[in-house]
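Input: a single structure, listed below in structure tokens.
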Amino acid sequence: MLITELNTDVVEAPERFALWQEATAQSHMRNLIRSNHHDDFRAKMRNLNLGEVQVSALAFPHMEIARTAKLIRQSDPEVYLVNYILGGEGVISLDRGDTALHAGDLVVLDSSRLYHAHRHALQDSWSQLTVQLPRRLLPLPEKTVQRLLAVPISGHRGMGGVFTRWLSDLNARATEFTPADIPTLTSVTLDLLASVIAQCLESEETLSSEARRRALRAKINAFVEQHLADPAMTPQTLADAHRISLRHLQQLLAEDDTSPAAWIRQRRLERCRIDLANPRLRARPIQAIAARWGFIDPAHFSRLFRAAYGIAPRDFRNLQAEACANRQQPCAE
């Protein structure tokens with residue numbers, strides 16, 4: 001199972017904070033935690049498990065978190081934690097003093113280092129997205145990453161913006177992924193993160209040529225996913241957006257035995273297939289679903305869909321509806 005979820009509302013108010021403490025200790029690591037809402041701690045968490053990498057969405061009202069020397073001695077998973085602040089504000093303290101955190105900031109922490117943080121968040125929406133990964137998986141020297149610990153990175157522009165959009169997409173589409181997607185999702189996440197850190201420190205030379213190539217491919221992947229609805233996105237506009245030649249783009253995708261046009265088309269068709277199978281979207285016209293993902297000509301879309309999946313879009317939707325009706329349990333949405 002790729003997704004695990006927790007909502008403290010499943011227990012009575014006096015038990016909610018203890019449940020949260022134990023759940024986060026198991027899913028991440030044990031920290032000292034306190035809250036101004038200790039008596040009725042309403043919070044939720046959703047973890048997307050990608051093998052050794054985990055992407056978590058957390059919602060909570062207020063937390064004070066401390067990573068102490070005693071806790072590090074007792075158990076240290078030797079991981080980086082990358083927090084993307086979605087709402088609220090906070091302060092984090094490392095050995096260099098206090099640093100303010102605001103919505104849109106990225107901040108990197110190390111489980112082997114002492115830190116102390118206060119977070120005031122929004123209870124009715126996700127407070128932050130957190131990526132947890134073993135230090136050894138990040139293709140950067142540890143001494144390079146250490147320079148950026150607890151330093152706010154903008155999630156609104158540059159590589160920080162690319163990375164935060166990728167994390168937001170992972171969270172929004174978490175239910176769509178299968179175990180077969182784990183290697184790709186992990187690789188893209190790690191390469192984008194490495195590129196963010198290298199760019200912030202102006203140390204892209206610390207990335208190997210292979211890591212730089214993977215980071216470029218990860219940026220292109222993220223860009224395509226974010227612009228699938230734009231029918232004007234073509235291989236040439238994709239190359240121009242990343243300041244590379246069309247030939248370079250073709251060479252990158254040839255490594256996966258595909259072409260830019262075929263890859264864009266396949267991603268659009270897959271999004272259409274997912275929407276056609278979604279019970280919530282049964283009332284939406286097929287033409288509207290096709291247009292949502294960049295297919296303007298309904299007849300052209302129908303031909304492409306049949307060629308890719310061996311069935312017409314309408315017949316595929318009807319089969320999915322029949323399958324849902326025949327199941328004992330409700331269909332996943």
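So you can find residues: chains in the structure tokens are A, B, ... in the order shown, residues in each start at 1, and ligands are numbered from 1 in order.
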Shell of 7 Å around stretch 225-238 of chain A, only C-alpha atoms, local chain residues under 6 positions omitted, as JSON, numbers by chain = {"A": [246, 260, 261, 268, 292, 293, 294, 295]}
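Residues of stretch 101-205 of chain A that DSSP places in strand (DSSP E or B), based on the backbone of this structure, are Leu101, His102, Asp105, Leu106, Val107, Val108, Leu109, Asp110, Tyr115, His116, Ala117, His118, Arg119, His120, Gln128, Leu129, Thr130, Val131, Gln132, Leu133, Pro134, Leu149, Ile153 and Ser154 of chain A.
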message = Give me, as a list in words, all polymer residues having an atom no more than 8 Å from A:Tyr80, counting only C-alpha atoms and skipping those fewer than 2 positions away in the same chain.
response = Glu78, Val82, Val108, Leu109, Asp110, Ser111, Val131, Gln132, Leu133, Pro134 and Arg135 of chain A
ask   = Looking only at the backbone, which of the residues in stretch 124-252 of chain A does DSSP tag as alpha helix (DSSP H), as an MDAnalysis selection string?
value = chainID A and resid 142:146 158:172 182:200 209:226 235:241 246:252
Exercise: A:Ala150 partners within 10 Å, only C-alpha atoms, chain neighbours under 3 positions left out, as an NGL selection string = :A and (82-83 or 91-101 or 106-110 or 115 or 117 or 146-147 or 153)
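Residues surrounding A:Arg30 within 12 Å are Trp20, Gln21, Glu22, Ala23, Thr24, Ala25, Gln26, Ile65, Ala66, Arg67, Thr68, Ala69, Lys70, Leu71, Ile72, Arg73, Gln74, Ser75, Asp76, Pro77 and Ser111 of chain A [only C-alpha atoms; sequence separation below 4 positions excluded].
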Check which residues of stretch 2-78 of chain A sit at most 12 Å from stretch 126-130 of chain A using only C-alpha atoms, and return one row each with the closest pair of atoms and their distance in Å to one decimal, ordered by chain and rising number, as JSON lines.
```
{"residue": "A:Thr24", "atom": "CA", "partner": "A:Thr130", "partner_atom": "CA", "distance": 11.8}
{"residue": "A:Ser27", "atom": "CA", "partner": "A:Thr130", "partner_atom": "CA", "distance": 11.4}
{"residue": "A:His28", "atom": "CA", "partner": "A:Thr130", "partner_atom": "CA", "distance": 9.8}
{"residue": "A:Ala43", "atom": "CA", "partner": "A:Trp126", "partner_atom": "CA", "distance": 9.5}
{"residue": "A:Lys44", "atom": "CA", "partner": "A:Trp126", "partner_atom": "CA", "distance": 8.5}
{"residue": "A:Met45", "atom": "CA", "partner": "A:Trp126", "partner_atom": "CA", "distance": 8.7}
{"residue": "A:Arg46", "atom": "CA", "partner": "A:Leu129", "partner_atom": "CA", "distance": 9.6}
{"residue": "A:Asn47", "atom": "CA", "partner": "A:Thr130", "partner_atom": "CA", "distance": 9.2}
{"residue": "A:Leu48", "atom": "CA", "partner": "A:Thr130", "partner_atom": "CA", "distance": 10.3}
{"residue": "A:Asn49", "atom": "CA", "partner": "A:Thr130", "partner_atom": "CA", "distance": 11.9}
{"residue": "A:Val53", "atom": "CA", "partner": "A:Thr130", "partner_atom": "CA", "distance": 10.5}
{"residue": "A:Gln54", "atom": "CA", "partner": "A:Thr130", "partner_atom": "CA", "distance": 8.0}
{"residue": "A:Val55", "atom": "CA", "partner": "A:Thr130", "partner_atom": "CA", "distance": 5.7}
{"residue": "A:Ser56", "atom": "CA", "partner": "A:Thr130", "partner_atom": "CA", "distance": 5.0}
{"residue": "A:Ala57", "atom": "CA", "partner": "A:Leu129", "partner_atom": "CA", "distance": 4.6}
{"residue": "A:Leu58", "atom": "CA", "partner": "A:Gln128", "partner_atom": "CA", "distance": 5.6}
{"residue": "A:Ala59", "atom": "CA", "partner": "A:Trp126", "partner_atom": "CA", "distance": 4.5}
{"residue": "A:Phe60", "atom": "CA", "partner": "A:Ser127", "partner_atom": "CA", "distance": 6.4}
{"residue": "A:Pro61", "atom": "CA", "partner": "A:Ser127", "partner_atom": "CA", "distance": 8.3}
{"residue": "A:His62", "atom": "CA", "partner": "A:Ser127", "partner_atom": "CA", "distance": 9.8}
{"residue": "A:Met63", "atom": "CA", "partner": "A:Ser127", "partner_atom": "CA", "distance": 11.0}
```
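Ranking A:Arg173, A:Arg16, A:Arg314, A:Lys219 by their shortest atom-to-atom distance to A:Ala194, with only C-alpha atoms included, puts A:Lys219 first.
Distances here use only C-alpha atoms; by that measure, the residue among A:Arg157, A:Arg306, A:Arg267, A:His38 closest to A:Glu64 is A:His38.
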